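Reviewing the structure listed below.
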Amino acid sequence: MAHRTPRGLLAGATATVALLMTAASASATTTAPVPVLGPQARVFMVNPVQSSGDQTLTDAKDAADAVPASAYATVALRNLDGSGGLSGRWVSVRSDTGASARVADAASYNRHDDQFEQVMAYFWVNEAQEYLQGLGFGSELPGANDRVQPVRINQYGADNSFFSDKKAEIRYGKGGVDDAEDAEVIVHEYGHAVHNAQVPGFGTSPEAGSIGEAFGDYLAVTVGEHAAARYGWPMKTDVACVADWDSVMYSDAPHCLRRIDSDKTYADRVGEVHADGEIWSRALFDIRTALGARVADRIIVDAQFGFAPDTSFAAAANTTVATAQQMYGKSAADAVRAAFRARGIPGVA
């Protein structure tokens with residue numbers, strides 16, 4: 001979905017909730033740093049602004065020296081198919097800009113190289129699906145887009161990224177900070193692919209579209225935070241801020257594309273899916289704060305199998321409450337219900 005238009009950001013961000021979120025999710029996801037085994041690559045640690053805390057970074061026309069070397073990490077490229085290119089069990093990168101990246105060279109690329117974005121897309125889409133697999137999706141729970149996800153990079157020279165349900169592929173744009181340089185943009189679009197795999201054609205009403213944008217933002221934050229804990233990477237900006245790096249060209253510092261901790265309620269709807277999505281994403285954020293990362297995300301993702309393509313906020317909220325009750329009982333259901341009621345969503349049972 002188009003997402004480049006900057007939205008007004010709320011100045012009254014709830015710092016207390018953000019701190020609680022960090023503590024809750026860290027206790028649920030922190031593990032010893034993962035050793036780098038197998039084919040190696042350089043990627044950004046989520047994004048350069050988040051890992052450095054430097055709000056003055058700018059794109060500088062893709063210049064390599066615009067971003068410090070400390071923003072990169074060396075990682076393993078997992079689940080490759082052995083072809084020598086960026087194709088594997090969960091993602092296949094098909095680029096129309098520049099030569100195709102070679103796995104053998106993946107540790108040498110930097111942001112000036114077209115191939116760096118291809119490597120970023122492969123690593124972070126794979127990371128997102130591995131996160132879902134780790135929650136039990138594809139084993140004890142139904143798979144959530146557990147297939148090879150086609151990805152194209154720098155399409156049409158436009159600063160826009162989107163998921164195409166006709167071809168079930170993701171396209172990442174360029175312009176300013178190229179979209180596939182920011183892991184949270186990569187994972188946001190993968191969130192649309194997950195929704196469409198769970199409910200084909202999802203997002204045919206304004207409220208369903210808003211839920212889709214909200215889930216993309218929420219998944220971007222949760223996967224990025226999990227990866228930072230998994231690999232021992234620094235996080236020096238507000239966790240609730242989405243796409244700190246991608247948004248440097250069109251937002252004031254501290255840079256955010258959107259937030260998942262806004263104070264918006266159902267009464268604040270304006271009829272635009274990205275703006276209204278901040279209502280739903282705040283509810284998801286509060287569920288995560290109340291229940292911890294793993295329990296919350298299992299409920300949130302599993303509930304989406306029961307959404308209709310044109311679901312309303314009320315219907316989706318009630319489905320999520322029922323899913324929490326079925327999976328974890330009354331206490332979890334009460335926490336989920338409270339999160340949606342705090343957003344003023346009508347009809348929450």
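Identifiers in the structure tokens: chain A, B, ... in order shown; residue index from 1 per chain; ligand index from 1 in order shown.
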task: Would you please extract all strand (DSSP E or B) residues from stretch 69-241 of chain A, as assigned by DSSP on the backbone, and give them as number ranges by chain?
output: A: 72-76, 80, 87-88, 91-93, 137, 141, 149-153, 162-164, 169-172, 241
Any chance you could export the current selection's N, CA and C atoms as a CSV table (one decimal), in the first residue's frame?
chain,number,residue,atom,x,y,z
A,72,TYR,N,26.1,-0.9,10.3
A,72,TYR,CA,26.0,-2.2,9.7
A,72,TYR,C,26.3,-3.4,10.6
A,73,ALA,N,25.8,-4.5,10.3
A,73,ALA,CA,26.1,-5.7,11.1
A,73,ALA,C,26.4,-6.8,10.1
A,74,THR,N,27.2,-7.8,10.4
A,74,THR,CA,27.4,-9.0,9.6
A,74,THR,C,26.5,-10.1,10.1
A,75,VAL,N,25.7,-10.6,9.2
A,75,VAL,CA,24.7,-11.6,9.6
A,75,VAL,C,24.8,-12.8,8.7
A,76,ALA,N,24.1,-13.9,9.0
A,76,ALA,CA,24.0,-15.1,8.2
A,76,ALA,C,22.8,-15.0,7.3
A,80,LEU,N,18.7,-20.3,2.3
A,80,LEU,CA,19.0,-20.1,0.8
A,80,LEU,C,18.8,-21.4,0.1
A,87,SER,N,17.6,-16.3,-3.2
A,87,SER,CA,16.4,-17.1,-3.3
A,87,SER,C,16.4,-18.2,-2.3
A,88,GLY,N,15.3,-18.4,-1.7
A,88,GLY,CA,15.3,-19.4,-0.6
A,88,GLY,C,13.9,-19.9,-0.2
A,91,VAL,N,11.8,-16.4,0.7
A,91,VAL,CA,11.8,-15.2,-0.1
A,91,VAL,C,12.6,-15.4,-1.3
A,92,SER,N,12.2,-14.8,-2.4
A,92,SER,CA,13.0,-14.7,-3.7
A,92,SER,C,13.0,-13.3,-4.2
A,93,VAL,N,14.2,-12.7,-4.2
A,93,VAL,CA,14.4,-11.3,-4.7
A,93,VAL,C,14.6,-11.3,-6.2
A,137,PHE,N,3.5,-20.5,14.2
A,137,PHE,CA,2.8,-20.4,12.9
A,137,PHE,C,3.5,-21.3,11.9
A,141,LEU,N,0.3,-23.9,14.9
A,141,LEU,CA,-0.8,-23.0,14.4
A,141,LEU,C,-0.7,-23.0,12.9
A,149,GLN,N,8.1,-15.8,-0.8
A,149,GLN,CA,7.6,-14.5,-1.0
A,149,GLN,C,8.4,-13.7,-2.1
A,150,PRO,N,7.8,-13.5,-3.3
A,150,PRO,CA,8.5,-12.8,-4.3
A,150,PRO,C,8.7,-11.3,-4.0
A,151,VAL,N,9.8,-10.7,-4.2
A,151,VAL,CA,10.2,-9.4,-3.9
A,151,VAL,C,10.8,-8.7,-5.1
A,152,ARG,N,10.4,-7.5,-5.4
A,152,ARG,CA,11.1,-6.7,-6.4
A,152,ARG,C,11.6,-5.4,-5.8
A,153,ILE,N,12.7,-4.9,-6.3
A,153,ILE,CA,13.4,-3.7,-5.7
A,153,ILE,C,13.4,-2.6,-6.6
A,162,PHE,N,4.7,-1.2,-2.0
A,162,PHE,CA,3.4,-1.8,-1.9
A,162,PHE,C,3.4,-3.3,-2.1
A,163,PHE,N,2.4,-3.9,-1.6
A,163,PHE,CA,2.1,-5.4,-1.8
A,163,PHE,C,1.0,-5.4,-2.9
A,164,SER,N,1.3,-6.2,-3.9
A,164,SER,CA,0.3,-6.4,-5.0
A,164,SER,C,-0.4,-7.8,-4.8
A,169,GLU,N,3.1,-10.3,-4.7
A,169,GLU,CA,4.5,-9.9,-4.6
A,169,GLU,C,4.6,-8.5,-3.9
A,170,ILE,N,5.8,-8.3,-3.4
A,170,ILE,CA,6.1,-7.0,-2.7
A,170,ILE,C,7.1,-6.2,-3.6
A,171,ARG,N,6.8,-4.9,-3.8
A,171,ARG,CA,7.6,-4.0,-4.6
A,171,ARG,C,8.1,-2.9,-3.7
A,172,TYR,N,9.4,-2.7,-3.6
A,172,TYR,CA,10.0,-1.7,-2.8
A,172,TYR,C,10.5,-0.6,-3.7
A,241,CYS,N,8.4,4.3,17.3
A,241,CYS,CA,8.5,5.1,16.1
A,241,CYS,C,8.8,4.1,14.9
field: Selection: 9 Å around A:Asp178, only C-alpha atoms, excl. self and same-chain fewer than 2 positions, as a ChimeraX atom specification
entry: /A:59,62,117,154,159,172-176,180-182,246
Could you give me, as a Markdown table, a per-residue list for stretch 119-215 of chain A showing, wherever an atom lies at most 10 Å from an atom of stretch 223-226 of chain A, the closest pair of atoms and their distance in Å to one decimal, using only C-alpha atoms and sorting by chain then residue number from low to high?
| residue | atom | partner | partner_atom | distance |
| --- | --- | --- | --- | --- |
| A:Trp124 | CA | A:Val223 | CA | 8.8 |
| A:Val125 | CA | A:Val223 | CA | 9.9 |
| A:Glu127 | CA | A:Val223 | CA | 7.6 |
| A:Ala128 | CA | A:Val223 | CA | 6.1 |
| A:Gln129 | CA | A:Val223 | CA | 9.4 |
| A:Glu130 | CA | A:Val223 | CA | 9.6 |
| A:Tyr131 | CA | A:Val223 | CA | 6.8 |
| A:Leu132 | CA | A:Val223 | CA | 9.1 |
| A:Ala183 | CA | A:Gly224 | CA | 7.2 |
| A:Glu184 | CA | A:Gly224 | CA | 6.8 |
| A:Val187 | CA | A:Val223 | CA | 7.6 |
| A:His188 | CA | A:Val223 | CA | 9.8 |
Would you save the residues from that selection as a PDB file, in the first residue's frame, using N, CA, C and O atoms?
ATOM      1  N   TRP A 124      15.554  -9.470   5.784  1.00  0.00           N
ATOM      2  CA  TRP A 124      14.487  -9.040   6.679  1.00  0.00           C
ATOM      3  C   TRP A 124      13.154  -9.732   6.408  1.00  0.00           C
ATOM      4  O   TRP A 124      12.384  -9.966   7.338  1.00  0.00           O
ATOM      5  N   VAL A 125      12.868 -10.095   5.167  1.00  0.00           N
ATOM      6  CA  VAL A 125      11.666 -10.899   4.923  1.00  0.00           C
ATOM      7  C   VAL A 125      11.851 -12.279   5.547  1.00  0.00           C
ATOM      8  O   VAL A 125      10.947 -12.819   6.196  1.00  0.00           O
ATOM      9  N   GLU A 127      13.745 -12.951   8.083  1.00  0.00           N
ATOM     10  CA  GLU A 127      13.707 -12.738   9.529  1.00  0.00           C
ATOM     11  C   GLU A 127      12.261 -12.658  10.023  1.00  0.00           C
ATOM     12  O   GLU A 127      11.914 -13.214  11.075  1.00  0.00           O
ATOM     13  N   ALA A 128      11.402 -11.971   9.270  1.00  0.00           N
ATOM     14  CA  ALA A 128      10.001 -11.831   9.665  1.00  0.00           C
ATOM     15  C   ALA A 128       9.288 -13.178   9.667  1.00  0.00           C
ATOM     16  O   ALA A 128       8.534 -13.498  10.592  1.00  0.00           O
ATOM     17  N   GLN A 129       9.537 -13.991   8.633  1.00  0.00           N
ATOM     18  CA  GLN A 129       8.883 -15.297   8.607  1.00  0.00           C
ATOM     19  C   GLN A 129       9.454 -16.211   9.682  1.00  0.00           C
ATOM     20  O   GLN A 129       8.703 -16.970  10.319  1.00  0.00           O
ATOM     21  N   GLU A 130      10.738 -16.128   9.946  1.00  0.00           N
ATOM     22  CA  GLU A 130      11.306 -16.911  11.040  1.00  0.00           C
ATOM     23  C   GLU A 130      10.687 -16.507  12.381  1.00  0.00           C
ATOM     24  O   GLU A 130      10.478 -17.364  13.252  1.00  0.00           O
ATOM     25  N   TYR A 131      10.417 -15.217  12.543  1.00  0.00           N
ATOM     26  CA  TYR A 131       9.767 -14.769  13.776  1.00  0.00           C
ATOM     27  C   TYR A 131       8.394 -15.416  13.909  1.00  0.00           C
ATOM     28  O   TYR A 131       8.038 -15.931  14.979  1.00  0.00           O
ATOM     29  N   LEU A 132       7.615 -15.415  12.837  1.00  0.00           N
ATOM     30  CA  LEU A 132       6.286 -16.039  12.871  1.00  0.00           C
ATOM     31  C   LEU A 132       6.402 -17.540  13.115  1.00  0.00           C
ATOM     32  O   LEU A 132       5.612 -18.117  13.875  1.00  0.00           O
ATOM     33  N   ALA A 183      14.632  -1.606   7.506  1.00  0.00           N
ATOM     34  CA  ALA A 183      14.004  -2.897   7.794  1.00  0.00           C
ATOM     35  C   ALA A 183      12.533  -2.747   8.147  1.00  0.00           C
ATOM     36  O   ALA A 183      11.722  -3.629   7.842  1.00  0.00           O
ATOM     37  N   GLU A 184      12.160  -1.634   8.785  1.00  0.00           N
ATOM     38  CA  GLU A 184      10.770  -1.486   9.195  1.00  0.00           C
ATOM     39  C   GLU A 184       9.851  -1.252   8.006  1.00  0.00           C
ATOM     40  O   GLU A 184       8.680  -1.646   8.040  1.00  0.00           O
ATOM     41  N   VAL A 187       9.517  -4.875   6.476  1.00  0.00           N
ATOM     42  CA  VAL A 187       8.615  -5.746   7.228  1.00  0.00           C
ATOM     43  C   VAL A 187       7.185  -5.226   7.196  1.00  0.00           C
ATOM     44  O   VAL A 187       6.236  -6.018   7.179  1.00  0.00           O
ATOM     45  N   HIS A 188       6.993  -3.910   7.151  1.00  0.00           N
ATOM     46  CA  HIS A 188       5.633  -3.367   7.012  1.00  0.00           C
ATOM     47  C   HIS A 188       4.952  -3.962   5.782  1.00  0.00           C
ATOM     48  O   HIS A 188       3.802  -4.431   5.861  1.00  0.00           O
TER      49      HIS A 188
END
Using only C-alpha atoms, which protein or nucleic acid residues come within 12 Å of stretch 313-326 of chain A? Drop anything in the same chain fewer than 4 positions from it, and give the result as an mmCIF file with C-alpha atoms, in the first residue's frame.
data_model
loop_
_atom_site.group_PDB
_atom_site.id
_atom_site.type_symbol
_atom_site.label_atom_id
_atom_site.label_comp_id
_atom_site.auth_asym_id
_atom_site.auth_seq_id
_atom_site.Cartn_x
_atom_site.Cartn_y
_atom_site.Cartn_z
ATOM 1 C CA GLY A 203 -8.603 -4.700 3.089
ATOM 2 C CA SER A 205 -13.258 -1.550 3.407
ATOM 3 C CA PRO A 206 -11.734 1.613 4.914
ATOM 4 C CA GLU A 207 -11.555 0.084 8.385
ATOM 5 C CA ALA A 208 -10.073 -3.176 7.092
ATOM 6 C CA GLY A 209 -7.522 -1.145 5.139
ATOM 7 C CA SER A 210 -6.640 0.737 8.315
ATOM 8 C CA ILE A 211 -6.197 -2.535 10.200
ATOM 9 C CA GLY A 212 -3.867 -3.712 7.437
ATOM 10 C CA ALA A 214 -1.675 -0.878 11.486
ATOM 11 C CA THR A 265 -9.353 6.939 19.404
ATOM 12 C CA TYR A 266 -12.144 5.799 17.123
ATOM 13 C CA ARG A 269 -10.938 8.778 12.315
ATOM 14 C CA ASP A 276 -6.657 5.724 11.048
ATOM 15 C CA GLY A 277 -4.374 2.736 11.350
ATOM 16 C CA ILE A 279 -5.870 3.755 16.294
ATOM 17 C CA TRP A 280 -5.592 0.005 15.761
ATOM 18 C CA SER A 281 -1.808 -0.184 16.109
ATOM 19 C CA ALA A 283 -4.441 -1.178 20.648
ATOM 20 C CA LEU A 284 -1.997 -3.866 19.468
ATOM 21 C CA ILE A 287 -1.953 -5.732 24.159
ATOM 22 C CA LEU A 291 0.663 -9.682 27.849
ATOM 23 C CA VAL A 295 1.557 -14.197 23.963
ATOM 24 C CA ALA A 296 0.346 -10.966 22.382
ATOM 25 C CA ASP A 297 1.712 -11.745 18.944
ATOM 26 C CA ARG A 298 0.350 -15.280 18.909
ATOM 27 C CA ILE A 299 -3.106 -13.888 19.703
ATOM 28 C CA ILE A 300 -2.876 -10.976 17.264
ATOM 29 C CA VAL A 301 -1.731 -13.037 14.283
ATOM 30 C CA ASP A 302 -3.953 -16.049 14.968
ATOM 31 C CA ALA A 303 -7.031 -13.824 15.282
ATOM 32 C CA GLN A 304 -6.472 -12.480 11.773
ATOM 33 C CA PHE A 305 -7.411 -15.841 10.233
ATOM 34 C CA GLY A 306 -10.949 -15.069 11.407
ATOM 35 C CA PHE A 307 -11.198 -11.582 9.859
ATOM 36 C CA ALA A 308 -13.378 -10.893 6.828
ATOM 37 C CA PRO A 309 -11.824 -9.036 3.849
ATOM 38 C CA LYS A 330 -10.192 -14.939 30.675
ATOM 39 C CA SER A 331 -7.294 -12.833 31.926
ATOM 40 C CA ALA A 332 -5.806 -12.510 28.446
ATOM 41 C CA ALA A 333 -9.209 -11.822 26.921
ATOM 42 C CA ASP A 334 -9.826 -9.079 29.476
ATOM 43 C CA ALA A 335 -6.516 -7.414 28.606
ATOM 44 C CA VAL A 336 -7.295 -7.507 24.893
ATOM 45 C CA ARG A 337 -10.795 -6.165 25.473
ATOM 46 C CA ALA A 338 -9.446 -3.314 27.593
ATOM 47 C CA ALA A 339 -6.974 -2.314 24.885
ATOM 48 C CA PHE A 340 -9.690 -1.995 22.245
ATOM 49 C CA ARG A 341 -12.114 -0.238 24.587
ATOM 50 C CA ALA A 342 -9.387 2.293 25.452
ATOM 51 C CA ARG A 343 -9.389 3.248 21.765
ATOM 52 C CA GLY A 344 -13.118 3.913 21.928
ATOM 53 C CA ILE A 345 -13.976 1.199 19.419
ATOM 54 C CA PRO A 346 -17.746 0.709 19.612
ATOM 55 C CA GLY A 347 -19.391 -2.678 19.988
ATOM 56 C CA VAL A 348 -16.504 -4.456 21.754
ATOM 57 C CA ALA A 349 -18.182 -7.215 23.771
#
task: Going by DSSP on the backbone, which bits of stretch 156-273 of chain A are helix (DSSP H, G or I)? Write them as number ranges by chain, please.
output: A: 156-157, 179-181, 183-198, 206-231, 246-249, 266-268, 273
Polymer residues at most 7 Å from A:Ala193, only C-alpha atoms, same-chain spacing of 4 or more positions, as a compact mmCIF listing (two decimals) with all heavy atoms, in the first residue's frame:
# COMPACT_ATOMS: atom_id res chain seq x y z
N ASN A 145 1.60 -17.00 5.72
CA ASN A 145 2.43 -16.68 4.55
C ASN A 145 3.71 -17.51 4.53
O ASN A 145 4.78 -17.03 4.14
CB ASN A 145 2.78 -15.19 4.50
CG ASN A 145 3.15 -14.72 3.10
OD1 ASN A 145 2.56 -15.15 2.12
ND2 ASN A 145 4.13 -13.84 3.00
N PHE A 163 2.36 -3.94 -1.59
CA PHE A 163 2.11 -5.35 -1.84
C PHE A 163 1.04 -5.45 -2.91
O PHE A 163 -0.01 -4.79 -2.82
CB PHE A 163 1.63 -6.05 -0.57
CG PHE A 163 1.13 -7.45 -0.81
CD1 PHE A 163 2.02 -8.49 -1.06
CD2 PHE A 163 -0.23 -7.73 -0.81
CE1 PHE A 163 1.56 -9.78 -1.29
CE2 PHE A 163 -0.70 -9.01 -1.04
CZ PHE A 163 0.20 -10.04 -1.29
N ALA A 168 0.76 -11.34 -5.72
CA ALA A 168 1.20 -11.70 -4.37
C ALA A 168 2.68 -11.42 -4.19
O ALA A 168 3.42 -12.19 -3.58
CB ALA A 168 0.89 -13.16 -4.07
N GLU A 189 5.63 -3.93 4.65
CA GLU A 189 5.02 -4.47 3.43
C GLU A 189 4.82 -5.98 3.53
O GLU A 189 3.84 -6.52 3.02
CB GLU A 189 5.87 -4.12 2.21
CG GLU A 189 6.00 -2.63 1.95
CD GLU A 189 4.67 -1.91 1.79
OE1 GLU A 189 3.68 -2.56 1.38
OE2 GLU A 189 4.61 -0.71 2.10
N ALA A 197 -2.32 -13.54 2.77
CA ALA A 197 -2.23 -15.00 2.81
C ALA A 197 -3.24 -15.58 3.78
O ALA A 197 -3.81 -16.65 3.54
CB ALA A 197 -0.81 -15.42 3.19
query: So which residues touch stretch 248-252 of chain A within 7 Å, counting only C-alpha atoms, skipping near sequence neighbours fewer than 4 positions away, as number ranges by chain?
result: A: 6, 58, 176, 244, 256
Residues near A:Ala99, cut-off 12 Å, only C-alpha atoms, skip fewer than 5 positions along chain, as a PyMOL selection string: chain A and resi 85+93-94+113-118+153
Would you save the residues from that selection as a PDB file, in the first residue's frame, using N, CA, C and O atoms?
ATOM      1  N   GLY A  85      22.073 -17.022  -5.758  1.00  0.00           N
ATOM      2  CA  GLY A  85      21.361 -15.753  -5.689  1.00  0.00           C
ATOM      3  C   GLY A  85      20.510 -15.679  -4.441  1.00  0.00           C
ATOM      4  O   GLY A  85      20.499 -16.592  -3.609  1.00  0.00           O
ATOM      5  N   VAL A  93      14.235 -12.741  -4.241  1.00  0.00           N
ATOM      6  CA  VAL A  93      14.407 -11.350  -4.652  1.00  0.00           C
ATOM      7  C   VAL A  93      14.581 -11.297  -6.159  1.00  0.00           C
ATOM      8  O   VAL A  93      15.468 -11.934  -6.727  1.00  0.00           O
ATOM      9  N   ARG A  94      13.723 -10.501  -6.801  1.00  0.00           N
ATOM     10  CA  ARG A  94      13.766 -10.317  -8.247  1.00  0.00           C
ATOM     11  C   ARG A  94      13.896  -8.815  -8.494  1.00  0.00           C
ATOM     12  O   ARG A  94      12.942  -8.081  -8.303  1.00  0.00           O
ATOM     13  N   ASP A 113      25.490   0.558  -3.200  1.00  0.00           N
ATOM     14  CA  ASP A 113      25.296  -0.514  -4.176  1.00  0.00           C
ATOM     15  C   ASP A 113      23.826  -0.892  -4.270  1.00  0.00           C
ATOM     16  O   ASP A 113      23.155  -1.090  -3.245  1.00  0.00           O
ATOM     17  N   ASP A 114      23.306  -1.030  -5.492  1.00  0.00           N
ATOM     18  CA  ASP A 114      21.928  -1.495  -5.669  1.00  0.00           C
ATOM     19  C   ASP A 114      21.719  -2.845  -4.990  1.00  0.00           C
ATOM     20  O   ASP A 114      20.637  -3.138  -4.478  1.00  0.00           O
ATOM     21  N   GLN A 115      22.751  -3.651  -4.987  1.00  0.00           N
ATOM     22  CA  GLN A 115      22.621  -5.000  -4.438  1.00  0.00           C
ATOM     23  C   GLN A 115      22.412  -5.006  -2.925  1.00  0.00           C
ATOM     24  O   GLN A 115      21.875  -5.970  -2.366  1.00  0.00           O
ATOM     25  N   PHE A 116      22.817  -3.935  -2.240  1.00  0.00           N
ATOM     26  CA  PHE A 116      22.640  -3.883  -0.789  1.00  0.00           C
ATOM     27  C   PHE A 116      21.159  -3.964  -0.424  1.00  0.00           C
ATOM     28  O   PHE A 116      20.781  -4.667   0.522  1.00  0.00           O
ATOM     29  N   GLU A 117      20.316  -3.267  -1.158  1.00  0.00           N
ATOM     30  CA  GLU A 117      18.880  -3.313  -0.875  1.00  0.00           C
ATOM     31  C   GLU A 117      18.302  -4.701  -1.136  1.00  0.00           C
ATOM     32  O   GLU A 117      17.377  -5.143  -0.450  1.00  0.00           O
ATOM     33  N   GLN A 118      18.836  -5.392  -2.113  1.00  0.00           N
ATOM     34  CA  GLN A 118      18.385  -6.757  -2.371  1.00  0.00           C
ATOM     35  C   GLN A 118      18.708  -7.651  -1.177  1.00  0.00           C
ATOM     36  O   GLN A 118      17.884  -8.463  -0.741  1.00  0.00           O
ATOM     37  N   ILE A 153      12.720  -4.897  -6.280  1.00  0.00           N
ATOM     38  CA  ILE A 153      13.382  -3.748  -5.669  1.00  0.00           C
ATOM     39  C   ILE A 153      13.386  -2.555  -6.628  1.00  0.00           C
ATOM     40  O   ILE A 153      13.600  -2.717  -7.829  1.00  0.00           O
TER      41      ILE A 153
END
field: Minimum-distance residue to A:Phe123, chosen among A:Arg78, A:Arg230, A:Arg89, A:Lys236 (using only C-alpha atoms)
entry: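 Between A:Arg78, A:Arg230, A:Arg89, A:Lys236, the residue approaching A:Phe123 most closely is A:Arg78.
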- request: Find the distance between atom CA of A:Ala69 and atom CA of A:Gln55 and write it in Å to one decimal.
  value: 16.1 Å
